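Asks: Supplied structure: my_file.txt, compact mmCIF, C-alpha atoms and all ligand atoms.
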```txt
# COMPACT_ATOMS: atom_id res chain seq x y z
CA MET A 1 -17.13 -8.66 -6.64
CA SER A 2 -16.10 -5.09 -7.21
CA LEU A 3 -16.27 -1.76 -5.46
CA ASN A 4 -19.88 -1.10 -4.35
CA LYS A 5 -19.25 2.64 -4.29
CA LYS A 6 -20.00 5.23 -6.94
CA THR A 7 -17.05 6.36 -9.02
CA ILE A 8 -16.33 9.33 -11.26
CA ASN A 9 -17.75 7.26 -14.12
CA ASP A 10 -21.19 7.29 -12.48
CA ILE A 11 -21.73 11.05 -12.20
CA ASP A 12 -21.90 14.23 -14.26
CA LEU A 13 -18.71 16.24 -13.96
CA ALA A 14 -19.03 18.71 -16.83
CA GLY A 15 -17.75 22.11 -15.76
CA LYS A 16 -18.01 21.18 -12.07
CA ARG A 17 -15.57 22.16 -9.35
CA VAL A 18 -14.13 18.82 -8.25
CA LEU A 19 -12.11 18.42 -5.04
CA VAL A 20 -9.89 15.34 -5.27
CA ARG A 21 -7.92 13.68 -2.46
CA VAL A 22 -4.88 12.05 -4.02
CA ASP A 23 -1.91 10.29 -2.43
CA PHE A 24 1.13 12.27 -3.54
CA ASN A 25 3.16 11.13 -0.52
CA VAL A 26 6.18 10.34 -2.71
CA PRO A 27 9.70 9.43 -1.58
CA GLN A 28 12.12 12.37 -1.87
CA GLU A 29 15.81 13.13 -1.53
CA ASP A 30 16.88 15.61 1.13
CA GLY A 31 16.67 18.58 -1.25
CA GLY A 32 13.10 17.62 -2.25
CA ALA A 33 13.85 15.84 -5.56
CA ILE A 34 11.28 13.09 -6.15
CA THR A 35 12.93 9.64 -6.26
CA ASP A 36 9.84 7.71 -7.41
CA ASP A 37 6.78 9.34 -8.98
CA LYS A 38 4.68 6.17 -9.17
CA ARG A 39 2.04 7.64 -6.87
CA ILE A 40 1.72 10.70 -9.12
CA THR A 41 1.41 8.67 -12.32
CA ALA A 42 -1.12 6.38 -10.60
CA ALA A 43 -3.46 9.38 -10.14
CA LEU A 44 -3.24 10.50 -13.78
CA PRO A 45 -6.19 8.51 -15.14
CA THR A 46 -8.55 10.27 -12.72
CA ILE A 47 -7.02 13.71 -13.32
CA ARG A 48 -7.15 13.27 -17.11
CA HIS A 49 -10.76 12.10 -16.97
CA LEU A 50 -11.76 15.17 -14.96
CA LEU A 51 -9.93 17.49 -17.36
CA SER A 52 -11.64 15.81 -20.31
CA GLN A 53 -14.96 16.79 -18.72
CA ASN A 54 -13.74 20.38 -18.42
CA ALA A 55 -13.96 20.18 -14.64
CA ALA A 56 -12.07 22.58 -12.38
CA VAL A 57 -9.69 20.16 -10.66
CA ILE A 58 -8.61 20.95 -7.09
CA LEU A 59 -6.15 18.36 -5.74
CA MET A 60 -5.02 17.81 -2.17
CA SER A 61 -2.54 15.43 -0.51
CA HIS A 62 -0.38 15.00 2.53
CA LEU A 63 3.41 14.68 2.24
CA GLY A 64 5.59 13.36 5.06
CA ARG A 65 5.02 14.42 8.63
CA PRO A 66 5.13 18.20 9.09
CA LYS A 67 3.16 17.64 12.32
CA GLY A 68 0.52 20.33 11.86
CA LYS A 69 2.98 23.14 11.09
CA ILE A 70 3.88 24.97 7.91
CA ASP A 71 7.35 23.63 7.09
CA PRO A 72 8.91 24.36 3.67
CA LYS A 73 10.73 21.02 3.89
CA PHE A 74 7.37 19.36 3.21
CA THR A 75 6.06 21.68 0.48
CA LEU A 76 4.20 20.11 -2.44
CA ALA A 77 6.10 22.42 -4.85
CA PRO A 78 8.23 19.60 -6.39
CA ILE A 79 5.05 17.60 -6.90
CA ALA A 80 3.24 20.51 -8.59
CA THR A 81 6.17 20.80 -11.01
CA ARG A 82 6.31 17.07 -11.76
CA LEU A 83 2.55 16.79 -12.19
CA GLY A 84 2.61 19.78 -14.54
CA GLU A 85 5.19 18.00 -16.71
CA LEU A 86 3.14 14.80 -16.74
CA VAL A 87 -0.20 16.40 -17.70
CA GLY A 88 1.36 19.04 -19.94
CA LYS A 89 -0.29 22.02 -18.29
CA PRO A 90 0.64 24.27 -15.37
CA VAL A 91 -0.41 23.23 -11.88
CA VAL A 92 -1.17 26.13 -9.54
CA LEU A 93 0.13 25.43 -6.03
CA THR A 94 -1.61 27.50 -3.37
CA ALA A 95 0.44 29.40 -0.80
CA ALA A 96 0.28 28.36 2.84
CA THR A 97 -0.50 31.18 5.28
CA PRO A 98 -0.80 30.91 9.06
CA GLY A 99 -4.57 31.49 8.95
CA ASP A 100 -5.07 29.18 5.96
CA PRO A 101 -2.23 26.63 5.88
CA LEU A 102 -3.69 24.71 2.92
CA GLY A 103 -4.46 27.83 0.85
CA ILE A 104 -8.17 27.03 0.57
CA GLU A 105 -9.24 30.66 -0.07
CA GLU A 106 -6.70 31.05 -2.86
CA ALA A 107 -7.95 27.82 -4.45
CA LYS A 108 -11.45 29.29 -4.58
CA THR A 109 -10.29 32.23 -6.67
CA LYS A 110 -7.96 30.24 -8.94
CA ALA A 111 -10.10 27.18 -9.72
CA ALA A 112 -11.48 27.36 -13.26
CA PRO A 113 -12.80 24.81 -15.75
CA GLY A 114 -10.00 22.80 -17.34
CA THR A 115 -7.33 23.90 -14.86
CA ILE A 116 -5.52 22.20 -11.98
CA VAL A 117 -5.01 23.73 -8.55
CA LEU A 118 -3.04 21.85 -5.87
CA LEU A 119 -3.58 22.74 -2.23
CA GLU A 120 -0.52 22.86 0.01
CA ASN A 121 0.27 19.86 2.27
CA THR A 122 -2.90 18.86 4.16
CA ARG A 123 -0.72 18.04 7.18
CA TYR A 124 0.33 21.72 7.43
CA SER A 125 -2.85 21.91 9.50
CA GLU A 126 -3.13 19.92 12.71
CA ALA A 127 -6.86 19.79 11.98
CA GLU A 128 -6.18 17.25 9.19
CA GLU A 129 -5.21 14.26 11.33
CA ALA A 130 -7.63 15.36 14.06
CA ASN A 131 -10.38 15.03 11.42
CA SER A 132 -11.73 18.39 12.57
CA PRO A 133 -15.21 19.31 11.31
CA GLU A 134 -14.01 22.92 10.80
CA LEU A 135 -11.34 21.92 8.30
CA SER A 136 -13.65 19.38 6.66
CA SER A 137 -16.28 22.12 6.22
CA GLN A 138 -13.77 24.56 4.75
CA LEU A 139 -12.60 21.91 2.30
CA ALA A 140 -16.20 21.09 1.40
CA THR A 141 -16.72 24.69 0.23
CA LEU A 142 -14.35 23.84 -2.65
CA ALA A 143 -16.44 20.92 -3.87
CA ASP A 144 -19.38 20.56 -6.21
CA VAL A 145 -18.13 16.98 -6.20
CA TYR A 146 -15.68 15.23 -3.87
CA VAL A 147 -13.47 12.43 -5.20
CA ASN A 148 -11.25 10.18 -3.11
CA ASP A 149 -8.48 8.62 -5.20
CA ALA A 150 -6.01 8.24 -2.31
CA PHE A 151 -6.10 4.50 -1.60
CA GLY A 152 -2.85 4.85 0.37
CA ALA A 153 -4.58 7.19 2.84
CA ALA A 154 -7.98 5.46 2.90
CA HIS A 155 -7.28 3.62 6.17
CA ARG A 156 -7.11 6.94 8.01
CA ALA A 157 -10.18 8.95 9.00
CA HIS A 158 -8.75 12.41 8.37
CA ALA A 159 -10.42 15.70 7.38
CA SER A 160 -9.34 15.36 3.73
CA THR A 161 -10.43 11.71 3.46
CA GLU A 162 -13.38 10.91 5.69
CA GLY A 163 -14.49 14.23 7.23
CA VAL A 164 -14.92 16.18 4.01
CA ALA A 165 -16.76 13.29 2.33
CA GLN A 166 -19.37 13.30 5.11
CA ILE A 167 -19.95 17.06 4.83
CA VAL A 168 -20.15 17.03 1.06
CA LYS A 169 -22.76 14.26 1.29
CA GLN A 170 -24.74 16.17 3.92
CA ALA A 171 -24.91 19.05 1.46
CA GLY A 172 -26.51 16.67 -1.06
CA LYS A 173 -23.48 16.59 -3.34
CA PRO A 174 -21.66 13.51 -4.69
CA ALA A 175 -18.70 11.94 -2.86
CA VAL A 176 -17.26 9.23 -5.10
CA ALA A 177 -14.19 7.08 -5.75
CA GLY A 178 -11.54 7.91 -8.32
CA LEU A 179 -10.22 5.42 -10.86
CA LEU A 180 -7.15 4.39 -8.84
CA MET A 181 -9.28 3.80 -5.76
CA GLN A 182 -11.64 1.72 -7.89
CA LYS A 183 -8.77 -0.34 -9.32
CA GLU A 184 -7.22 -1.00 -5.90
CA MET A 185 -10.55 -2.01 -4.41
CA ASP A 186 -11.48 -4.18 -7.39
CA PHE A 187 -8.20 -6.14 -7.23
CA LEU A 188 -7.93 -6.52 -3.46
CA GLY A 189 -11.68 -6.88 -2.89
CA GLY A 190 -12.00 -9.32 -5.77
CA ALA A 191 -9.25 -11.52 -4.35
CA LEU A 192 -10.83 -11.62 -0.91
CA ASP A 193 -14.48 -11.93 -1.87
CA ASP A 194 -14.49 -14.11 -4.94
CA PRO A 195 -11.02 -15.51 -5.67
CA LYS A 196 -10.39 -17.89 -8.53
CA ARG A 197 -8.88 -20.99 -6.94
CA PRO A 198 -6.37 -22.15 -5.96
CA PHE A 199 -6.00 -18.95 -3.91
CA VAL A 200 -2.52 -18.62 -2.41
CA ALA A 201 -1.33 -15.97 0.03
CA ILE A 202 2.36 -15.36 0.67
CA LEU A 203 3.30 -13.56 3.86
CA GLY A 204 6.76 -12.48 4.89
CA GLY A 205 8.55 -9.51 6.34
CA ALA A 206 9.84 -8.82 9.75
CA LYS A 207 7.22 -8.92 12.48
CA VAL A 208 4.63 -11.62 13.11
CA LYS A 209 2.77 -9.34 15.51
CA ASP A 210 2.03 -6.82 12.74
CA LYS A 211 0.62 -9.56 10.54
CA ILE A 212 -1.37 -11.66 13.03
CA PRO A 213 -4.66 -10.04 11.98
CA VAL A 214 -3.80 -10.65 8.30
CA ILE A 215 -3.02 -14.32 8.95
CA GLU A 216 -6.27 -14.72 10.88
CA SER A 217 -8.29 -13.01 8.18
CA LEU A 218 -6.67 -14.80 5.20
CA LEU A 219 -6.27 -18.34 6.50
CA PRO A 220 -9.98 -19.26 6.25
CA LYS A 221 -10.18 -17.80 2.74
CA VAL A 222 -7.06 -19.21 1.07
CA ASP A 223 -6.16 -22.68 -0.13
CA THR A 224 -2.53 -22.28 0.94
CA LEU A 225 -0.74 -19.69 3.06
CA LEU A 226 3.02 -19.59 2.51
CA VAL A 227 5.07 -18.03 5.32
CA GLY A 228 8.60 -16.75 4.68
CA GLY A 229 10.90 -13.91 5.67
CA GLY A 230 11.83 -12.99 9.20
CA MET A 231 8.38 -14.08 10.36
CA ALA A 232 9.16 -17.74 9.74
CA TYR A 233 11.58 -18.05 12.68
CA THR A 234 8.93 -17.41 15.30
CA PHE A 235 7.00 -20.32 13.74
CA TYR A 236 10.13 -22.50 13.98
CA LYS A 237 10.54 -21.49 17.61
CA ALA A 238 6.90 -22.40 18.22
CA ALA A 239 7.66 -25.85 16.75
CA GLY A 240 10.51 -26.22 19.25
CA LYS A 241 13.40 -25.65 16.85
CA GLU A 242 16.71 -23.87 17.36
CA ILE A 243 16.61 -20.48 15.59
CA GLY A 244 19.98 -19.07 16.67
CA LYS A 245 20.14 -15.29 16.33
CA SER A 246 17.20 -15.13 13.88
CA LEU A 247 14.37 -12.65 14.35
CA LEU A 248 12.03 -13.72 17.14
CA ASP A 249 8.71 -12.20 18.07
CA ALA A 250 8.40 -13.81 21.50
CA ASP A 251 4.88 -12.48 22.12
CA SER A 252 3.62 -14.32 19.05
CA ILE A 253 4.90 -17.84 19.84
CA GLU A 254 1.56 -19.06 21.19
CA PHE A 255 -0.27 -17.70 18.17
CA CYS A 256 2.20 -19.43 15.84
CA LYS A 257 1.72 -22.74 17.67
CA GLU A 258 -2.01 -22.58 16.98
CA MET A 259 -1.53 -21.61 13.35
CA LEU A 260 0.87 -24.51 12.75
CA CYS A 261 -2.04 -26.90 13.40
CA ASP A 262 -3.68 -25.69 10.18
CA ASP A 263 -2.58 -27.77 7.18
CA LYS A 264 -3.05 -24.81 4.86
CA LEU A 265 -0.14 -22.98 6.47
CA MET A 266 3.33 -23.82 5.15
CA VAL A 267 6.65 -22.67 6.57
CA PRO A 268 10.03 -22.85 4.78
CA VAL A 269 11.80 -26.23 4.74
CA ASP A 270 15.23 -24.58 4.58
CA CYS A 271 16.88 -21.21 4.98
CA VAL A 272 20.07 -19.30 4.31
CA VAL A 273 21.95 -18.37 7.47
CA ALA A 274 24.94 -16.15 8.23
CA PRO A 275 26.91 -15.29 11.36
CA ASP A 276 26.23 -11.55 10.93
CA PHE A 277 23.56 -9.21 9.54
CA ASP A 278 25.87 -8.24 6.68
CA ASN A 279 25.69 -8.71 2.91
CA ASP A 280 29.26 -10.04 2.84
CA ALA A 281 28.88 -12.46 5.75
CA PRO A 282 29.50 -16.10 4.69
CA ARG A 283 26.22 -17.81 3.73
CA THR A 284 25.18 -21.38 4.46
CA THR A 285 21.99 -23.20 3.46
CA VAL A 286 20.55 -25.31 6.28
CA THR A 287 17.34 -27.25 6.88
CA VAL A 288 14.84 -26.10 9.48
CA ASN A 289 16.46 -28.49 11.94
CA GLY A 290 19.98 -27.26 11.29
CA ILE A 291 20.14 -23.59 12.25
CA PRO A 292 23.39 -23.08 14.24
CA ALA A 293 22.97 -21.32 17.58
CA ASP A 294 25.40 -18.55 16.61
CA GLN A 295 23.85 -17.72 13.20
CA GLU A 296 20.72 -16.01 11.89
CA GLY A 297 18.35 -16.82 9.04
CA LEU A 298 18.29 -14.08 6.41
CA ASP A 299 16.58 -15.71 3.41
CA ILE A 300 14.54 -18.76 2.39
CA GLY A 301 16.58 -21.65 0.95
CA PRO A 302 16.49 -23.41 -2.46
CA GLY A 303 14.23 -26.24 -1.24
CA THR A 304 11.66 -23.71 -0.09
CA ILE A 305 11.97 -21.71 -3.30
CA ALA A 306 11.22 -24.86 -5.32
CA GLU A 307 8.27 -25.87 -3.13
CA PHE A 308 6.71 -22.39 -2.90
CA SER A 309 7.25 -21.71 -6.62
CA GLU A 310 5.37 -24.88 -7.63
CA ILE A 311 2.39 -23.86 -5.50
CA ILE A 312 2.42 -20.27 -6.77
CA LYS A 313 2.63 -21.32 -10.41
CA LYS A 314 -0.46 -23.52 -10.04
CA ALA A 315 -2.48 -20.78 -8.34
CA LYS A 316 -5.22 -18.72 -10.00
CA THR A 317 -5.11 -15.92 -7.39
CA VAL A 318 -1.98 -14.89 -5.48
CA VAL A 319 -1.67 -12.16 -2.84
CA TRP A 320 1.81 -11.32 -1.57
CA ASN A 321 2.72 -9.21 1.43
CA GLY A 322 6.19 -9.10 2.91
CA PRO A 323 9.61 -10.04 1.44
CA MET A 324 11.05 -13.55 1.84
CA GLY A 325 14.41 -12.34 3.15
CA VAL A 326 16.52 -9.27 3.80
CA PHE A 327 16.22 -8.25 0.14
CA GLU A 328 17.94 -4.91 0.82
CA MET A 329 21.19 -6.96 0.87
CA PRO A 330 21.67 -8.48 -2.62
CA ASN A 331 23.08 -11.76 -1.26
CA PHE A 332 19.85 -12.32 0.68
CA ALA A 333 17.46 -11.17 -2.07
CA VAL A 334 17.47 -14.55 -3.86
CA GLY A 335 14.28 -15.88 -2.24
CA THR A 336 12.34 -12.66 -2.76
CA ARG A 337 13.38 -12.54 -6.43
CA ALA A 338 12.43 -16.19 -6.97
CA ILE A 339 8.97 -15.63 -5.52
CA ALA A 340 8.54 -12.57 -7.76
CA GLU A 341 9.56 -14.73 -10.75
CA ALA A 342 7.08 -17.48 -9.80
CA MET A 343 4.33 -14.88 -9.47
CA ALA A 344 5.24 -13.35 -12.82
CA GLN A 345 4.94 -16.80 -14.42
CA ALA A 346 1.60 -17.29 -12.69
CA THR A 347 0.39 -13.98 -14.14
CA GLU A 348 1.47 -15.11 -17.61
CA ALA A 349 -0.43 -18.37 -17.08
CA GLY A 350 -3.62 -16.39 -16.39
CA ALA A 351 -3.58 -15.92 -12.62
CA THR A 352 -4.44 -12.69 -10.85
CA THR A 353 -1.35 -11.64 -8.90
CA ILE A 354 -1.38 -8.85 -6.35
CA VAL A 355 1.46 -7.33 -4.36
CA GLY A 356 0.50 -5.32 -1.28
CA GLY A 357 2.88 -3.95 1.32
CA GLY A 358 5.38 -1.12 1.03
CA ASP A 359 8.60 -3.16 1.12
CA SER A 360 7.33 -6.02 -1.05
CA ALA A 361 6.10 -3.53 -3.65
CA ALA A 362 9.48 -1.76 -3.55
CA ALA A 363 11.30 -5.10 -3.96
CA VAL A 364 9.17 -6.11 -6.95
CA GLU A 365 9.72 -2.75 -8.67
CA GLN A 366 13.44 -2.69 -7.90
CA MET A 367 13.85 -6.21 -9.30
CA GLY A 368 12.07 -5.29 -12.53
CA TYR A 369 8.91 -7.39 -12.05
CA ALA A 370 6.41 -4.51 -11.86
CA ASP A 371 4.99 -5.07 -15.35
CA ARG A 372 4.57 -8.80 -14.81
CA MET A 373 2.16 -8.56 -11.86
CA SER A 374 -1.59 -7.98 -12.27
CA HIS A 375 -1.55 -5.29 -9.62
CA ILE A 376 0.90 -3.63 -7.26
CA SER A 377 -0.92 -1.73 -4.56
CA THR A 378 0.05 1.92 -4.01
CA GLY A 379 -0.96 1.64 -0.36
CA GLY A 380 1.21 -0.30 2.09
CA GLY A 381 -0.68 0.32 5.32
CA ALA A 382 -4.04 0.55 3.58
CA SER A 383 -3.61 -2.75 1.74
CA LEU A 384 -2.58 -4.46 4.98
CA GLU A 385 -5.66 -3.15 6.81
CA PHE A 386 -7.83 -4.19 3.88
CA LEU A 387 -6.35 -7.72 3.97
CA GLU A 388 -7.06 -7.76 7.71
CA GLY A 389 -10.71 -7.33 6.76
CA LYS A 390 -10.99 -3.87 8.30
CA PRO A 391 -13.26 -1.33 6.65
CA LEU A 392 -11.33 1.63 5.21
CA PRO A 393 -12.93 4.86 6.53
CA GLY A 394 -12.03 6.83 3.39
CA VAL A 395 -13.94 4.32 1.27
CA VAL A 396 -16.83 3.72 3.65
CA ALA A 397 -17.63 7.47 3.57
CA LEU A 398 -18.26 7.50 -0.20
CA ASP A 399 -21.68 7.23 -1.91
CA ASP A 400 -22.99 3.70 -2.33
CA LYS A 401 -23.78 2.46 -5.84
P1 LIG B 1 5.91 -5.00 3.76
O1 LIG B 1 6.31 -3.55 3.84
O2 LIG B 1 5.99 -5.54 2.37
O3 LIG B 1 4.58 -5.25 4.41
P2 LIG B 1 7.43 -5.66 6.13
O4 LIG B 1 7.55 -4.20 6.43
O5 LIG B 1 6.57 -6.47 7.00
O6 LIG B 1 7.00 -5.85 4.59
O7 LIG B 1 8.87 -6.34 6.17
C1 LIG B 1 9.94 -5.88 5.38
C2 LIG B 1 11.26 -6.11 6.07
O8 LIG B 1 11.42 -7.43 6.50
C3 LIG B 1 12.41 -5.82 5.13
O9 LIG B 1 13.09 -4.67 5.55
C4 LIG B 1 13.27 -7.07 5.22
O10 LIG B 1 14.65 -6.79 5.28
C5 LIG B 1 12.80 -7.70 6.51
N1 LIG B 1 13.10 -9.14 6.56
C6 LIG B 1 12.72 -10.10 5.71
N2 LIG B 1 13.25 -11.28 6.04
C7 LIG B 1 14.00 -11.07 7.14
C8 LIG B 1 14.83 -11.91 7.96
N3 LIG B 1 14.96 -13.22 7.70
N4 LIG B 1 15.46 -11.35 9.02
C9 LIG B 1 15.33 -10.04 9.26
N5 LIG B 1 14.57 -9.20 8.54
C10 LIG B 1 13.92 -9.71 7.48
MG MG B 2 7.13 -2.36 5.51
```
Would it be possible to restate this file's structure as structure tokens?
Replies:
Amino acid sequence: MSLNKKTINDIDLAGKRVLVRVDFNVPQEDGGAITDDKRITAALPTIRHLLSQNAAVILMSHLGRPKGKIDPKFTLAPIATRLGELVGKPVVLTAATPGDPLGIEEAKTKAAPGTIVLLENTRYSEAEEANSPELSSQLATLADVYVNDAFGAAHRAHASTEGVAQIVKQAGKPAVAGLLMQKEMDFLGGALDDPKRPFVAILGGAKVKDKIPVIESLLPKVDTLLVGGGMAYTFYKAAGKEIGKSLLDADSIEFCKEMLCDDKLMVPVDCVVAPDFDNDAPRTTVTVNGIPADQEGLDIGPGTIAEFSEIIKKAKTVVWNGPMGVFEMPNFAVGTRAIAEAMAQATEAGATTIVGGGDSAAAVEQMGYADRMSHISTGGGASLEFLEGKPLPGVVALDDK
């Protein structure tokens, strides 16, 4: 199955004024320098397509949390510059003014066929997160066509995602998905709705509580669910084992007990423990029954790596959310890297492999596996909500096919 929403490929864009919500919420250094422009490059296919149709492209995005106030620390200026370099033409950034924090009026005068205007940070207005009809209506005045290409913001019903789409539709104009949105929805939706089997999900990371809805939603759909990372220790605790100083999500013990009854769910058979949460702390590999009371589990062990890797390599669809250990410390990144390697081999053997989740995506990129996965989602929170089976308001609001 694929996205059942119209996309920019389904409509006439020639010479039209097209308002596009993108996700340019990039990581930055203190001075504003962009440390990773993946989210900008991910929006290029849509932007280039619109330019090829001689559309007037008006882009908008949030950046950080300026909390409804104009704050130069959160200006989109570095993004306008970087985008200009990438597309090879100037990008006009509108000026924020107290009465018009996004610069909507200026955009109206500067938008012209074949050019790119970027509105200032949508979160300069408190009306954005409040999904205010006033802001949505003002934004809608910029649009002959509205395009949502911001998968990473699609789980939020904000003025620039959900509100404006509704008003554009009410005016009888198209509200459609961009190419990145389509790609994200095709990969994630395809895995959930019609996976090639075996379908394996790998869940890790820190908190069970955050991922309970994902486990509940995925378990009936997958053939195997592999649990690793800090989450695993609450499952051990639920099975009555000593977990020492390992992460424990006490509120989730009952849930884990129930889940352990399902044969599809697998927890690690061994783990790497250390006396302190420190890269240089002495490491020991122990079985699930051997965690010392004064130590904590910080990675999956070699037995688990072998077992999980075998299952992953035989899979035809793999979805991964959450690292297998504290990968930020190189000595405890071994399990996460091994799972990335197994997934890469699965991809090369013809499987569809998808990484969703901010930290897992960062780990995969950092370890050099980005090109060996079928898809790395640009939306951490959005991909998690999608895997939970929740509708994404920014997608729901778009025109049906
Ligand atoms: P994602 O962003 O991919 O969804 P999470 O945010 O749920 O992942 O979890 C990522 C965090 O989990 C990382 O910062 C990592 O250090 C932590 N983590 C993984 N394994 C452990 C562990 N055994 N003990 C403590 N923290 C862990
Ligand atoms: Mg995270």
Asks: Would you mind listing what lies within 9 Å of Val326 of chain A as number ranges by chain, with all atoms listed in the file counted and same-chain residues fewer than 5 positions away left out?
Replies: A: 205-206, 229-230, 298-299, 331-333, 336
Asks: Kindly work out which residues sit at most 7 Å from ligand LIG 1 (chain B), using only C-alpha atoms and all ligand atoms, and give the list as a PyMOL selection string.
Replies: chain A and resi 204-207+229-230+246-247+297-299+321-328+356-361+380
Asks: Counting all atoms listed in the file, which residue out of A:Ser383, A:Thr347, A:Ser160, A:Ser374 sits closest to ligand MG 2 (chain B)?
Replies: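 That would be A:Ser383, the residue with the smallest distance to ligand MG 2 (chain B).
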Asks: Of the candidates A:Glu242, A:Asp100, A:Asp71, A:Glu120, which one gets nearest to Leu59 of chain A if we count only C-alpha atoms?
Replies: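 Using only C-alpha atoms, the shortest distance to Leu59 of chain A belongs to A:Glu120.
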Asks: Can you tell me which residues surround Glu254 of chain A at a distance of at most 10 Å, considering only C-alpha atoms, apart from same-chain residues fewer than 4 positions away, and format the answer as a PyMOL selection string?
Replies: chain A and resi 234-235+237-238+250+258-259
Asks: So which one's closest to Leu392 of chain A, A:Glu126, A:Asp263, A:Glu162, A:Glu105? Using all atoms listed in the file, please.
Replies: A:Glu162
Asks: Have a look at A:Ala342, A:Leu387, A:Ala315, A:Ala351 and name the one nearest to Ile215 of chain A; count all atoms listed in the file.
Replies: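 Closest candidate: A:Leu387.
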Asks: Measuring between all atoms listed in the file, which one of A:Pro174, A:Leu118, A:Ala43, A:Thr94 shows the shortest distance to Ala80 of chain A?
Replies: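 The closest residue to Ala80 of chain A is A:Leu118.
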Asks: Of the candidates A:Ile212, A:Asp270, A:Val91, A:Arg283, which shows the shortest atom-to-atom distance to Asp251 of chain A, using only C-alpha atoms?
Replies: A:Ile212
Asks: Between atom CA of Gly228 of chain A and atom CA of Pro292 of chain A, what is the spacing in Å?
Replies: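 Distance between the two atoms: 18.7 Å.
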Asks: So what do you get for atom CA of Leu51 of chain A versus atom CA of Lys89 of chain A, distance-wise?
Replies: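 Between these atoms lies a distance of 10.7 Å.
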Asks: When you look at Glu310 of chain A with a cut-off of 12 Å (counting only C-alpha atoms), what residues show up, excluding the ones that are within fewer than 2 positions of it in the same chain? I need them as an MDAnalysis selection string.
Replies: chainID A and resid 200 224 226 303:308 312:315 338:339 341:343 345:346
Asks: Near Gly189 of chain A, counting all atoms listed in the file, which residues have an atom at most 10 Å away, once you skip same-chain residues fewer than 3 positions from it, shown as an NGL selection string?
Replies: :A and (1-3 or 182-186 or 192-195 or 386-387 or 389)
Asks: Within 12 Å of Gln166 of chain A, counting all atoms listed in the file, which residues qualify if same-chain residues fewer than 3 places away don't, as a PyMOL selection string?
Replies: chain A and resi 131-133+136-137+139-140+145-148+157-163+169-176+393-399
Asks: Between atom CA of Val272 of chain A and atom CA of Gly290 of chain A, what is the distance, to one decimal in Å?
Replies: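 Going from atom CA of Val272 of chain A over to atom CA of Gly290 of chain A, I get 10.6 Å.
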Asks: Kindly provide, as a list in words, the polymer residues lying within 9 Å of (-19.1, 18.3, -11.9), counting all atoms listed in the file and using the coordinates exactly as they appear in the file.
Replies: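 Output: Ile11, Asp12, Leu13, Ala14, Gly15, Lys16, Arg17, Val18, Leu50, Gln53, Asn54, Ala55, Ala56, Ala143, Asp144 and Val145 of chain A.
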Asks: Kindly extract all protein, DNA and RNA residues lying within 6 Å of the coordinates (0.6, 17.0, 6.8) given in the file, considering only C-alpha atoms, and supply them as a VMD selection string.
Replies: chain A and resid 62 to 63 65 to 66 121 to 124
